[in-house]
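Chemist: File name entry27.cif; file contents mmCIF, C-alpha atoms; full text below.
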data_protein
loop_
_atom_site.label_atom_id
_atom_site.label_comp_id
_atom_site.auth_asym_id
_atom_site.auth_seq_id
_atom_site.Cartn_x
_atom_site.Cartn_y
_atom_site.Cartn_z
CA MET A 1 -1.59 25.65 -15.01
CA PRO A 2 1.88 24.18 -15.71
CA LYS A 3 4.31 26.51 -17.45
CA GLY A 4 4.35 26.06 -21.22
CA TYR A 5 0.98 24.25 -21.26
CA LYS A 6 -2.55 25.17 -22.17
CA LYS A 7 -5.86 23.42 -21.61
CA LYS A 8 -7.18 21.86 -24.78
CA LYS A 9 -10.23 19.66 -25.13
CA GLY A 10 -10.31 18.48 -21.52
CA CYS A 11 -6.59 17.92 -20.95
CA TRP A 12 -3.34 19.83 -20.58
CA CYS A 13 -1.26 20.03 -23.74
CA PRO A 14 1.99 21.77 -24.72
CA SER A 15 1.26 25.36 -25.80
CA ASP A 16 2.57 24.64 -29.31
CA PHE A 17 0.42 21.50 -29.67
CA ASN A 18 -1.23 21.40 -33.12
CA ASP A 19 -4.80 20.12 -33.30
CA SER A 20 -4.41 19.05 -36.92
CA THR A 21 -1.72 16.53 -36.07
CA ALA A 22 -3.39 14.96 -33.03
CA MET A 23 -7.17 15.28 -33.11
CA SER A 24 -9.69 15.61 -35.86
CA ASP A 25 -13.37 16.45 -35.53
CA SER A 26 -14.15 12.75 -35.89
CA THR A 27 -14.06 10.28 -33.02
CA SER A 28 -10.66 8.88 -34.02
CA VAL A 29 -7.11 10.21 -33.98
CA ASP A 30 -5.96 11.63 -37.30
CA ILE A 31 -2.15 11.73 -37.46
CA ASN A 32 -0.24 13.33 -40.33
CA GLU A 33 1.44 10.66 -42.44
CA ASP A 34 4.68 12.67 -42.56
CA PHE A 35 4.93 12.80 -38.74
CA ILE A 36 7.53 10.37 -37.40
CA PHE A 37 7.68 9.41 -33.72
CA ASP A 38 11.06 9.10 -32.05
CA THR A 39 10.09 5.87 -30.26
CA PRO A 40 7.04 3.59 -30.02
CA LEU A 41 6.49 5.03 -26.54
CA ASP A 42 6.16 8.53 -28.01
CA GLU A 43 3.35 7.25 -30.18
CA LEU A 44 1.64 5.60 -27.20
CA VAL A 45 1.84 8.83 -25.20
CA ASP A 46 0.45 10.76 -28.17
CA ASN A 47 -2.48 8.34 -28.30
CA LEU A 48 -3.51 9.53 -24.83
CA TYR A 49 -4.70 12.77 -26.51
CA ALA A 50 -7.27 10.76 -28.47
CA LYS A 51 -10.99 11.37 -28.14
CA ARG A 52 -11.86 7.70 -28.29
CA SER A 53 -11.61 6.03 -24.90
CA VAL A 54 -10.66 2.68 -26.43
CA THR A 55 -7.61 4.30 -28.04
CA ARG A 56 -6.52 5.76 -24.72
CA GLU A 57 -7.17 2.45 -22.94
CA ASN A 58 -5.08 0.47 -25.43
CA ALA A 59 -2.26 2.99 -25.10
CA LEU A 60 -2.38 2.75 -21.30
CA VAL A 61 -2.23 -1.05 -21.41
CA GLU A 62 0.99 -0.91 -23.44
CA ILE A 63 2.46 1.93 -21.37
CA VAL A 64 1.84 0.02 -18.13
CA ASP A 65 3.44 -3.06 -19.68
CA SER A 66 6.46 -0.98 -20.69
CA PHE A 67 6.84 0.40 -17.18
CA GLU A 68 6.75 -3.16 -15.83
CA SER A 69 9.16 -4.59 -18.41
CA ASP A 70 11.79 -1.89 -18.98
CA ASP A 71 13.75 0.86 -17.25
CA LEU A 72 12.02 3.99 -18.61
CA LEU A 73 13.79 6.65 -16.55
CA SER A 74 15.61 8.08 -19.56
CA PHE A 75 12.28 8.37 -21.40
CA VAL A 76 10.28 10.03 -18.62
CA GLU A 77 12.81 12.12 -16.69
CA ASN A 78 12.43 15.20 -18.94
CA GLN A 79 8.73 14.87 -19.65
CA TYR A 80 7.16 13.29 -16.57
CA ILE A 81 4.99 16.38 -15.98
CA THR A 82 3.51 16.15 -19.48
CA ILE A 83 2.90 12.42 -19.13
CA SER A 84 1.42 12.75 -15.63
CA TYR A 85 -1.14 15.32 -16.87
CA LEU A 86 -2.24 12.90 -19.57
CA PHE A 87 -2.64 10.14 -16.97
CA ILE A 88 -4.63 12.50 -14.73
CA ASN A 89 -6.83 13.36 -17.70
CA SER A 90 -7.60 9.65 -18.18
CA ILE A 91 -8.33 9.28 -14.46
CA LYS A 92 -10.78 12.17 -14.74
CA LYS A 93 -12.49 11.31 -18.04
CA GLY A 94 -12.25 7.54 -18.24
CA MET A 95 -14.63 4.77 -17.42
CA THR A 96 -13.57 2.12 -14.90
CA LYS A 97 -10.99 0.33 -17.05
CA GLU A 98 -9.27 3.52 -18.20
CA THR A 99 -9.26 5.07 -14.72
CA ASN A 100 -7.81 1.93 -13.15
CA LEU A 101 -5.11 1.68 -15.81
CA ALA A 102 -4.24 5.36 -15.44
CA CYS A 103 -3.95 4.95 -11.65
CA ARG A 104 -1.44 2.16 -12.14
CA ALA A 105 0.38 4.12 -14.83
CA ILE A 106 0.84 7.27 -12.75
CA GLY A 107 1.96 5.20 -9.76
CA LEU A 108 4.54 3.41 -11.93
CA LEU A 109 5.62 6.78 -13.35
CA SER A 110 6.22 8.17 -9.86
CA PHE A 111 8.13 5.03 -8.87
CA THR A 112 10.28 5.32 -12.00
CA VAL A 113 11.00 9.01 -11.37
CA GLY A 114 12.25 7.85 -7.98
CA GLY A 115 10.72 10.01 -5.28
CA GLY A 116 11.88 13.52 -4.43
CA THR A 117 10.74 16.64 -6.28
CA GLY A 118 9.38 14.78 -9.28
CA SER A 119 7.16 12.47 -7.24
CA HIS A 120 6.03 15.41 -5.09
CA GLU A 121 4.86 17.34 -8.17
CA ILE A 122 3.01 14.29 -9.49
CA MET A 123 1.31 13.74 -6.12
CA LYS A 124 0.22 17.38 -5.77
CA GLU A 125 -1.43 17.41 -9.20
CA ALA A 126 -3.03 13.96 -8.99
CA LEU A 127 -4.31 13.87 -5.40
CA PRO A 128 -7.27 16.30 -5.80
CA GLN A 129 -8.67 14.35 -8.75
CA LEU A 130 -8.15 11.01 -7.02
CA CYS A 131 -9.96 12.24 -3.91
CA LYS A 132 -12.92 13.36 -6.03
CA ILE A 133 -13.35 9.79 -7.21
CA LEU A 134 -13.38 8.56 -3.61
CA SER A 135 -16.32 10.85 -2.91
CA GLY A 136 -18.29 9.32 -5.80
CA SER A 137 -20.49 6.24 -5.85
CA ASP A 138 -18.54 4.06 -8.31
CA GLN A 139 -16.90 1.41 -6.11
CA SER A 140 -15.25 -0.31 -9.08
CA LYS A 141 -12.67 2.48 -9.29
CA ILE A 142 -11.90 2.80 -5.59
CA PRO A 143 -9.40 -0.07 -5.06
CA ALA A 144 -7.11 1.26 -7.79
CA VAL A 145 -7.53 4.84 -6.57
CA VAL A 146 -6.69 4.18 -2.90
CA LYS A 147 -3.63 2.14 -3.88
CA CYS A 148 -2.55 4.99 -6.15
CA ILE A 149 -3.02 7.57 -3.39
CA GLY A 150 -1.04 5.39 -0.98
CA LEU A 151 1.90 5.00 -3.35
CA LEU A 152 1.98 8.62 -4.56
CA ALA A 153 1.94 9.94 -0.97
CA PHE A 154 4.50 7.33 0.12
CA LEU A 155 6.88 8.60 -2.56
CA GLY A 156 5.91 12.25 -2.83
CA ALA A 157 4.71 13.60 0.54
CA ASP A 158 7.16 16.17 1.88
CA ASP A 159 5.95 16.31 5.46
CA LEU A 160 3.55 14.86 8.01
CA ASP A 161 0.73 17.24 7.01
CA GLU A 162 0.71 15.99 3.40
CA THR A 163 0.85 12.39 4.58
CA GLU A 164 -2.08 12.91 6.94
CA VAL A 165 -4.20 14.41 4.13
CA ALA A 166 -3.77 11.19 2.14
CA LEU A 167 -4.32 8.99 5.21
CA GLU A 168 -7.55 10.79 6.04
CA ALA A 169 -8.83 10.51 2.44
CA ILE A 170 -8.30 6.74 2.47
CA TRP A 171 -9.71 6.31 5.98
CA LYS A 172 -13.06 7.69 4.83
CA ILE A 173 -13.42 4.51 2.78
CA ILE A 174 -12.44 2.26 5.70
CA GLN A 175 -14.76 3.99 8.14
CA PRO A 176 -17.36 6.18 6.36
CA LYS A 177 -18.75 9.10 8.33
CA THR A 178 -22.12 8.63 9.97
CA GLY A 179 -24.69 11.17 11.06
CA ASN A 180 -28.25 12.40 10.67
CA ASN A 181 -27.55 14.21 7.42
CA VAL A 182 -25.03 11.71 6.05
CA THR A 183 -25.91 8.77 3.83
CA THR A 184 -23.81 5.83 4.99
CA VAL A 185 -22.12 3.96 2.16
CA LYS A 186 -21.53 0.23 2.58
CA TYR A 187 -18.37 -0.70 0.74
CA GLU A 188 -17.73 -4.21 -0.51
CA PRO A 189 -14.98 -6.25 1.25
CA PRO A 190 -12.44 -5.96 -1.64
CA VAL A 191 -12.81 -2.17 -1.50
CA VAL A 192 -12.31 -2.11 2.29
CA VAL A 193 -9.31 -4.45 2.07
CA ALA A 194 -7.66 -2.27 -0.60
CA ALA A 195 -8.22 0.83 1.53
CA ILE A 196 -6.86 -0.76 4.74
CA THR A 197 -3.82 -2.09 2.86
CA ALA A 198 -3.03 1.30 1.27
CA TRP A 199 -3.62 3.15 4.56
CA THR A 200 -1.36 0.78 6.51
CA PHE A 201 1.34 1.00 3.83
CA LEU A 202 1.34 4.80 4.05
CA LEU A 203 1.37 4.67 7.86
CA THR A 204 4.77 2.93 7.72
CA THR A 205 6.32 6.28 6.71
CA ILE A 206 5.42 7.87 10.06
CA SER A 207 8.12 7.21 12.62
CA THR A 208 7.30 6.83 16.32
CA TRP A 209 8.71 10.19 17.37
CA ARG A 210 6.38 12.06 14.99
CA ILE A 211 3.21 10.47 16.33
CA ASN A 212 0.86 12.04 18.85
CA GLN A 213 -0.84 9.00 20.40
CA GLU A 214 -3.97 10.99 21.26
CA ASN A 215 -4.77 11.39 17.56
CA TRP A 216 -4.76 7.63 16.92
CA THR A 217 -7.20 6.43 19.57
CA LYS A 218 -10.16 6.38 17.16
CA TYR A 219 -8.22 4.28 14.64
CA ILE A 220 -7.42 1.60 17.23
CA SER A 221 -11.09 1.29 18.18
CA ASP A 222 -12.23 1.06 14.53
CA LEU A 223 -9.56 -1.49 13.63
CA SER A 224 -10.58 -3.59 16.62
CA ASN A 225 -14.13 -3.62 15.25
CA LEU A 226 -12.81 -4.68 11.83
CA LEU A 227 -11.13 -7.70 13.45
CA GLU A 228 -14.69 -8.98 13.95
CA ALA A 229 -15.80 -8.37 10.35
CA ASP A 230 -17.59 -11.19 8.55
CA ASP A 231 -15.06 -11.25 5.71
CA ARG A 232 -11.80 -13.00 6.53
CA THR A 233 -9.69 -10.84 4.18
CA VAL A 234 -10.91 -7.71 5.98
CA ARG A 235 -9.90 -9.24 9.32
CA MET A 236 -6.44 -10.08 7.98
CA ALA A 237 -5.90 -6.58 6.57
CA ALA A 238 -6.96 -5.07 9.91
CA GLY A 239 -4.62 -7.50 11.70
CA GLU A 240 -1.59 -6.24 9.77
CA ALA A 241 -2.55 -2.67 10.68
CA ILE A 242 -2.83 -3.66 14.35
CA ALA A 243 0.61 -5.32 14.20
CA LEU A 244 2.06 -2.06 12.88
CA PHE A 245 0.33 -0.16 15.69
CA PHE A 246 2.10 -2.36 18.22
CA GLU A 247 5.41 -1.85 16.41
CA LEU A 248 4.93 1.95 16.41
CA LYS A 249 3.97 1.77 20.11
CA LEU A 250 0.63 3.43 19.48
CA PHE A 251 -0.87 1.54 22.40
CA ASP A 252 1.55 3.26 24.77
CA VAL A 253 0.50 6.38 26.63
CA LYS A 254 3.20 8.90 27.45
CA PRO A 255 2.60 11.09 30.51
CA ALA A 256 2.70 14.84 29.97
CA GLU A 257 3.16 17.63 32.46
CA GLU A 258 -0.08 18.92 33.99
CA ASP A 259 -2.06 16.34 32.03
CA SER A 260 -5.19 15.64 34.05
CA GLU A 261 -6.49 13.16 31.43
CA TYR A 262 -3.41 10.94 31.49
CA PHE A 263 -4.86 8.23 33.74
CA GLN A 264 -8.12 8.22 31.77
CA ARG A 265 -6.22 7.65 28.52
CA LEU A 266 -3.98 5.07 30.17
CA THR A 267 -6.97 3.06 31.38
CA TYR A 268 -8.67 3.25 27.99
CA MET A 269 -5.56 2.15 26.07
CA ASN A 270 -4.88 -0.70 28.48
CA ASN A 271 -8.44 -1.92 27.98
CA MET A 272 -8.06 -1.66 24.19
CA ARG A 273 -4.75 -3.52 24.35
CA ALA A 274 -6.41 -6.33 26.33
CA LYS A 275 -9.35 -6.49 23.92
CA VAL A 276 -7.19 -6.53 20.79
CA THR A 277 -4.81 -9.11 22.28
CA ALA A 278 -7.75 -11.42 23.01
CA GLN A 279 -9.04 -10.94 19.46
CA ILE A 280 -5.62 -11.80 18.01
CA ASP A 281 -5.48 -14.95 20.12
CA ALA A 282 -8.97 -16.03 19.01
CA LEU A 283 -8.20 -15.45 15.33
CA SER A 284 -4.92 -17.36 15.56
CA CYS A 285 -6.82 -20.56 16.35
CA GLU A 286 -10.20 -19.96 14.69
CA ALA A 287 -12.17 -23.17 14.34
CA SER A 288 -13.40 -24.26 10.93
CA HIS A 289 -16.96 -23.50 9.91
CA LYS A 290 -19.12 -25.06 7.26
CA GLY A 291 -18.52 -23.41 3.90
CA ALA A 292 -15.42 -21.53 5.08
CA ASN A 293 -12.50 -21.20 2.67
CA LYS A 294 -9.77 -23.49 3.97
CA LYS A 295 -6.93 -21.63 2.28
CA ASN A 296 -7.92 -18.28 3.75
CA ARG A 297 -8.46 -19.86 7.15
CA SER A 298 -4.93 -21.26 7.18
CA ALA A 299 -3.52 -17.92 6.03
CA GLN A 300 -5.44 -16.14 8.78
CA ARG A 301 -4.18 -18.51 11.46
CA GLU A 302 -0.58 -18.11 10.31
CA LEU A 303 -0.82 -14.31 10.19
CA PHE A 304 -2.38 -13.94 13.63
CA ARG A 305 -0.02 -16.49 15.18
CA ASN A 306 2.85 -14.34 13.94
CA ILE A 307 1.19 -11.21 15.35
CA TRP A 308 0.53 -12.99 18.65
CA ASP A 309 4.15 -14.11 18.85
CA TYR A 310 5.33 -10.55 18.20
CA VAL A 311 2.97 -8.92 20.71
CA MET A 312 3.37 -11.41 23.58
CA ASN A 313 6.92 -12.70 23.10
CA GLY A 314 8.62 -9.99 21.07
CA GLY A 315 9.16 -12.42 18.21
CA ASP A 316 11.19 -11.00 15.34
CA ILE A 317 10.11 -10.77 11.72
CA GLU A 318 12.67 -12.69 9.69
CA GLU A 319 12.24 -13.03 5.95
CA THR A 320 14.62 -12.99 3.00
CA VAL A 321 13.67 -12.44 -0.63
CA LYS A 322 15.85 -13.23 -3.62
CA MET A 323 16.01 -10.10 -5.77
CA SER A 324 18.29 -11.06 -8.66
CA SER A 325 20.45 -13.83 -10.10
CA ARG A 326 23.54 -11.84 -9.08
CA GLY A 327 23.11 -12.70 -5.43
CA THR A 328 21.08 -9.74 -4.16
CA ILE A 329 19.01 -10.56 -1.11
CA LEU A 330 16.38 -8.40 0.57
CA CYS A 331 16.25 -8.86 4.35
CA ILE A 332 12.97 -8.10 6.14
CA SER A 333 13.13 -7.60 9.91
CA SER A 334 10.05 -5.54 10.87
CA TRP A 335 6.31 -5.37 10.24
CA ALA A 336 6.77 -2.01 8.51
CA GLU A 337 9.24 -3.49 6.01
CA LEU A 338 7.04 -6.54 5.41
CA ILE A 339 4.00 -4.33 4.74
CA GLN A 340 6.02 -2.13 2.38
CA LEU A 341 7.41 -5.16 0.53
CA ASN A 342 3.99 -6.78 0.02
CA PHE A 343 2.37 -3.54 -1.17
CA ILE A 344 5.14 -2.61 -3.59
CA LYS A 345 5.36 -6.15 -5.00
CA HIS A 346 1.60 -6.13 -5.57
CA PHE A 347 1.67 -2.70 -7.24
CA LEU A 348 4.72 -3.30 -9.46
CA ARG A 349 3.67 -6.87 -10.27
CA LYS A 350 6.07 -8.33 -12.86
CA GLY A 351 8.08 -5.09 -12.75
CA PHE A 352 9.21 -5.71 -9.16
CA HIS A 353 12.46 -7.50 -10.04
CA GLN A 354 13.11 -5.02 -12.86
CA HIS A 355 12.95 -2.11 -10.42
CA ALA A 356 14.93 -4.06 -7.82
CA GLN A 357 17.83 -4.32 -10.25
CA TYR A 358 17.81 -0.87 -11.89
CA ASN A 359 15.88 1.59 -9.72
CA PRO A 360 17.97 3.24 -6.95
CA LEU A 361 14.73 4.03 -5.12
CA MET A 362 14.41 0.37 -4.10
CA ARG A 363 17.67 0.62 -2.18
CA GLU A 364 16.44 3.74 -0.43
CA ILE A 365 13.30 1.92 0.75
CA PHE A 366 14.82 -1.47 1.56
CA THR A 367 18.10 -2.88 2.84
CA PHE A 368 19.83 -5.23 0.42
CA ASP A 369 22.60 -7.72 1.22
CA GLU A 370 25.00 -8.84 -1.50
CA ASP A 371 25.60 -12.57 -1.20
CA GLU A 372 28.27 -14.00 -3.49
CA ILE A 373 27.42 -17.63 -2.63
CA GLU A 374 25.74 -19.54 -5.44
CA TYR A 375 22.03 -20.03 -4.83
CA LEU A 376 20.68 -23.46 -4.07
CA PRO A 377 18.47 -25.10 -6.71
CA ASN A 378 14.77 -24.31 -6.35
CA ARG A 379 13.93 -27.86 -5.25
CA VAL A 380 16.50 -27.75 -2.43
CA LYS A 381 15.40 -24.26 -1.37
CA LYS A 382 11.81 -25.47 -1.05
CA ILE A 383 12.91 -28.36 1.19
CA HIS A 384 15.01 -25.98 3.28
CA ARG A 385 12.13 -23.54 3.68
CA SER A 386 9.77 -26.39 4.60
CA LYS A 387 12.10 -27.68 7.33
CA SER A 388 12.71 -24.17 8.66
CA LYS A 389 8.98 -23.56 8.80
CA ARG A 390 8.35 -26.79 10.71
CA ARG A 391 11.09 -25.94 13.22
CA HIS A 392 9.63 -22.46 13.59
CA TYR A 393 6.15 -23.71 14.43
CA MET A 394 7.45 -26.42 16.73
CA GLN A 395 9.19 -23.66 18.66
CA ILE A 396 5.99 -21.59 18.71
CA LYS A 397 4.02 -24.59 19.95
CA LYS A 398 6.58 -25.11 22.69
CA GLU A 399 6.22 -21.52 23.81
CA ARG A 400 2.44 -21.35 23.64
CA ASP A 401 1.95 -22.79 27.13
CA ILE A 402 4.27 -20.14 28.53
CA ALA A 403 2.47 -17.49 26.47
CA GLU A 404 -0.91 -18.63 27.79
CA ALA A 405 0.32 -18.20 31.35
CA ARG A 406 1.67 -14.77 30.49
CA LYS A 407 -1.61 -13.79 28.90
CA GLN A 408 -3.60 -14.83 31.94
CA SER A 409 -1.25 -12.88 34.17
CA PHE A 410 -1.53 -9.90 31.84
CA PHE A 411 -5.34 -9.90 31.98
CA ASN A 412 -5.35 -10.35 35.76
CA GLU A 413 -3.12 -7.29 36.19
CA LEU A 414 -5.49 -5.18 34.10
CA ILE A 415 -8.53 -6.32 36.02
CA TYR A 416 -7.08 -6.07 39.52
#
Would you write out, as structure tokens, the structure that this file holds?

Modeler:
Amino acid sequence: MPKGYKKKKGCWCPSDFNDSTAMSDSTSVDINEDFIFDTPLDELVDNLYAKRSVTRENALVEIVDSFESDDLLSFVENQYITISYLFINSIKKGMTKETNLACRAIGLLSFTVGGGTGSHEIMKEALPQLCKILSGSDQSKIPAVVKCIGLLAFLGADDLDETEVALEAIWKIIQPKTGNNVTTVKYEPPVVVAAITAWTFLLTTISTWRINQENWTKYISDLSNLLEADDRTVRMAAGEAIALFFELKLFDVKPAEEDSEYFQRLTYMNNMRAKVTAQIDALSCEASHKGANKKNRSAQRELFRNIWDYVMNGGDIEETVKMSSRGTILCISSWAELIQLNFIKHFLRKGFHQHAQYNPLMREIFTFDEDEIEYLPNRVKKIHRSKSKRRHYMQIKKERDIAEARKQSFFNELIY
């Protein structure tokens, strides 16, 4: 129990919290007319004590909007524990809408607090309740929950052990356990995609020197199987994870002294590398099928061509993102950074640029370049990007013949 708090009617409240000013015996909140809130946000937070779920939901909608629209550090820095317990209470008690909103709210709270001790405390308190939801049967809550776990652990995990606890919890959604006494759950593609995306995002925090390759063999095999999934979005999410595996050198096998199983592992990983490389090549030029979504097919081809270029030719990731009107540019140069950028943009939504300008945490995660040159008009930038893209793919096309020869040589070496 947090210091100075007591459990009251299903949630943690300050020990001096007065029932008569927050909850009545009816189903609505009964607030004393003489009570004056310091700010509208104080009133919204107070509404999270309400019995009625619709009152809590409406409060969460406005709180999430405030986190996205304003810099709330001064509001939350001295009461983030109180607020996080209210969010956890909504995660625990709420129906789908309330739980999903509360997951976003507590993630935004942790991002606003800015990592460190505050985010670690939030993660420790929220993770057990979030994992309970993953063990349930309500799939409508799972996408929001796995994204929340991914972000909270990304910001709050102190060491590899805490990170691996979160990774393992999410992986159970990606690859449910099977067995004689286990009922296999079939998750819908959007649920699987959310889980793979959150898992891959969290994996970016593990540097190469901290990884024991032996522990990751099962993940490579499962991700290879997901590259053959029926749903194209699942294949694309698995492809990004595979790209990160190549970047972290998880396909490499390091010899150890007196390791009799070294050559067995080396053979297995070489075979997996060959299999995955062939899958990437096939997906980069997948033929159209009747009824297939053309937009997703083009996106898949582009993604796997980029992965193929990286794996076979060592092609660099080069992407710049305009962060503010003051000339701040975010430079992306690795798969890990690209995965982090996409996940954080998706989670923060319209609050991304707000945090980019005012939250120091963004500069701890990403590298920003200050460019004093005036930006080109949007129309000109679009033309420039279009020409750059055409040049890029013309270069790729030029190199594909060479890459094909390299691939054939690569396979021949593995076979013979």

Chemist: Which is closest to His353 of chain A among A:Leu330, A:Met269, A:Ile196, A:Cys103, if we use all atoms listed in the file?

Modeler: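 Looking only at the distances to His353 of chain A, the closest residue turns out to be A:Leu330.
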
Chemist: Using only C-alpha atoms, which residue out of A:Lys322, A:Arg235, A:Lys345, A:Lys186 lies closest to Leu303 of chain A?

Modeler: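 Closest residue, counting only C-alpha atoms: A:Arg235.
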
Chemist: Grab the atom CA of Ala166 of chain A to atom CA of Ala105 of chain A distance for me, in Å with one decimal place.

Modeler: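 Atom CA of Ala105 of chain A lies at a distance of 18.8 Å from atom CA of Ala166 of chain A.
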
Chemist: Can you tell me which residues surround Leu266 of chain A at a distance of at most 10 Å, considering only C-alpha atoms, apart from same-chain residues fewer than 6 positions away, and format the answer as a list in words?

Modeler: Phe251, Asp252, Val253, Lys254, Pro255 and Met272 of chain A

Chemist: Write out as a PyMOL selection string each polymer residue whose atoms come within 6 Å of Ile329 of chain A, counting only C-alpha atoms; drop sequence neighbours fewer than 2 positions from it.

Modeler: chain A and resi 321-323+368-369

Chemist: Generate a file of the selected residues that holds C-alpha atoms, formatted as a PDB file, in the frame of the given file.

Modeler:
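Below you can see selection25.pdb, which holds the result:
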ATOM      1  CA  VAL A 321      13.670 -12.440  -0.630  1.00  0.00           C
ATOM      2  CA  LYS A 322      15.850 -13.230  -3.620  1.00  0.00           C
ATOM      3  CA  MET A 323      16.010 -10.100  -5.770  1.00  0.00           C
ATOM      4  CA  PHE A 368      19.830  -5.230   0.420  1.00  0.00           C
ATOM      5  CA  ASP A 369      22.600  -7.720   1.220  1.00  0.00           C
TER       6      ASP A 369
END

Chemist: From the list A:Ile317, A:Leu250, A:Ile280, A:Leu203, which residue is nearest Trp335 of chain A when using all atoms listed in the file?

Modeler: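 Going through A:Ile317, A:Leu250, A:Ile280, A:Leu203 one by one, the smallest distance to Trp335 of chain A is for A:Ile317.
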
Chemist: Measuring atom to atom with only C-alpha atoms, identify which of A:Ser74, A:Gln175, A:Ser334, A:Asn296 is nearest to Asp231 of chain A.

Modeler: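 Of all the options, A:Asn296 lies closest to Asp231 of chain A.
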
Chemist: Between A:Leu341, A:Ile220, A:Met236, A:Ala229, which is the closest to Arg273 of chain A once you count only C-alpha atoms?

Modeler: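 Nearest candidate to Arg273 of chain A out of A:Leu341, A:Ile220, A:Met236, A:Ala229: A:Ile220.
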
Chemist: Using all atoms listed in the file, what table do you get, as a tab-separated table, when you list each residue of segment 199-289 of chain A with an atom no more than 8 Å from segment 143-150 of chain A, its nearest pair of atoms, and their distance in Å rounded to one decimal, rows by chain then rising number?

Modeler:
residue	atom	partner	partner_atom	distance
A:Trp199	CA	A:Gly150	CA	6.5
A:Phe201	CA	A:Gly150	CA	6.9
A:Leu202	CA	A:Gly150	CA	5.6

Chemist: Which of these residues is nearest to Lys275 of chain A, using all atoms listed in the file: A:Leu48, A:Leu155, A:Ile242, A:Leu160?

Modeler: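 Checking each of A:Leu48, A:Leu155, A:Ile242, A:Leu160 against Lys275 of chain A, counting all atoms listed in the file, the winner is A:Ile242.
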
Chemist: Kindly add all heavy atoms to the incomplete segment 224-228 of chain A and provide the output as a short mmCIF file (atom, residue, chain, number, x, y, z; two decimals), in the frame of the given file.

Modeler:
data_model
loop_
_atom_site.label_atom_id
_atom_site.label_comp_id
_atom_site.auth_asym_id
_atom_site.auth_seq_id
_atom_site.Cartn_x
_atom_site.Cartn_y
_atom_site.Cartn_z
N SER A 224 -10.13 -2.49 15.76
CA SER A 224 -10.58 -3.59 16.62
C SER A 224 -11.94 -4.11 16.15
O SER A 224 -12.17 -5.33 16.12
CB SER A 224 -10.67 -3.11 18.07
OG SER A 224 -11.24 -4.10 18.90
N ASN A 225 -12.82 -3.20 15.78
CA ASN A 225 -14.13 -3.62 15.25
C ASN A 225 -13.98 -4.40 13.94
O ASN A 225 -14.72 -5.36 13.70
CB ASN A 225 -15.02 -2.40 15.03
CG ASN A 225 -15.42 -1.73 16.33
OD1 ASN A 225 -15.45 -2.37 17.39
ND2 ASN A 225 -15.73 -0.44 16.28
N LEU A 226 -13.02 -4.00 13.11
CA LEU A 226 -12.81 -4.68 11.83
C LEU A 226 -12.24 -6.09 12.03
O LEU A 226 -12.38 -6.94 11.14
CB LEU A 226 -11.87 -3.86 10.94
CG LEU A 226 -12.49 -2.57 10.37
CD1 LEU A 226 -11.42 -1.72 9.69
CD2 LEU A 226 -13.60 -2.90 9.36
N LEU A 227 -11.60 -6.34 13.16
CA LEU A 227 -11.13 -7.70 13.45
C LEU A 227 -12.28 -8.67 13.63
O LEU A 227 -12.08 -9.88 13.63
CB LEU A 227 -10.26 -7.70 14.71
CG LEU A 227 -8.88 -7.05 14.61
CD1 LEU A 227 -8.18 -7.08 15.96
CD2 LEU A 227 -8.01 -7.72 13.55
N GLU A 228 -13.49 -8.15 13.80
CA GLU A 228 -14.69 -8.98 13.95
C GLU A 228 -15.57 -8.95 12.70
O GLU A 228 -16.72 -9.38 12.74
CB GLU A 228 -15.47 -8.50 15.17
CG GLU A 228 -14.68 -8.60 16.47
CD GLU A 228 -15.43 -8.04 17.67
OE1 GLU A 228 -16.54 -7.50 17.47
OE2 GLU A 228 -14.91 -8.14 18.80
#
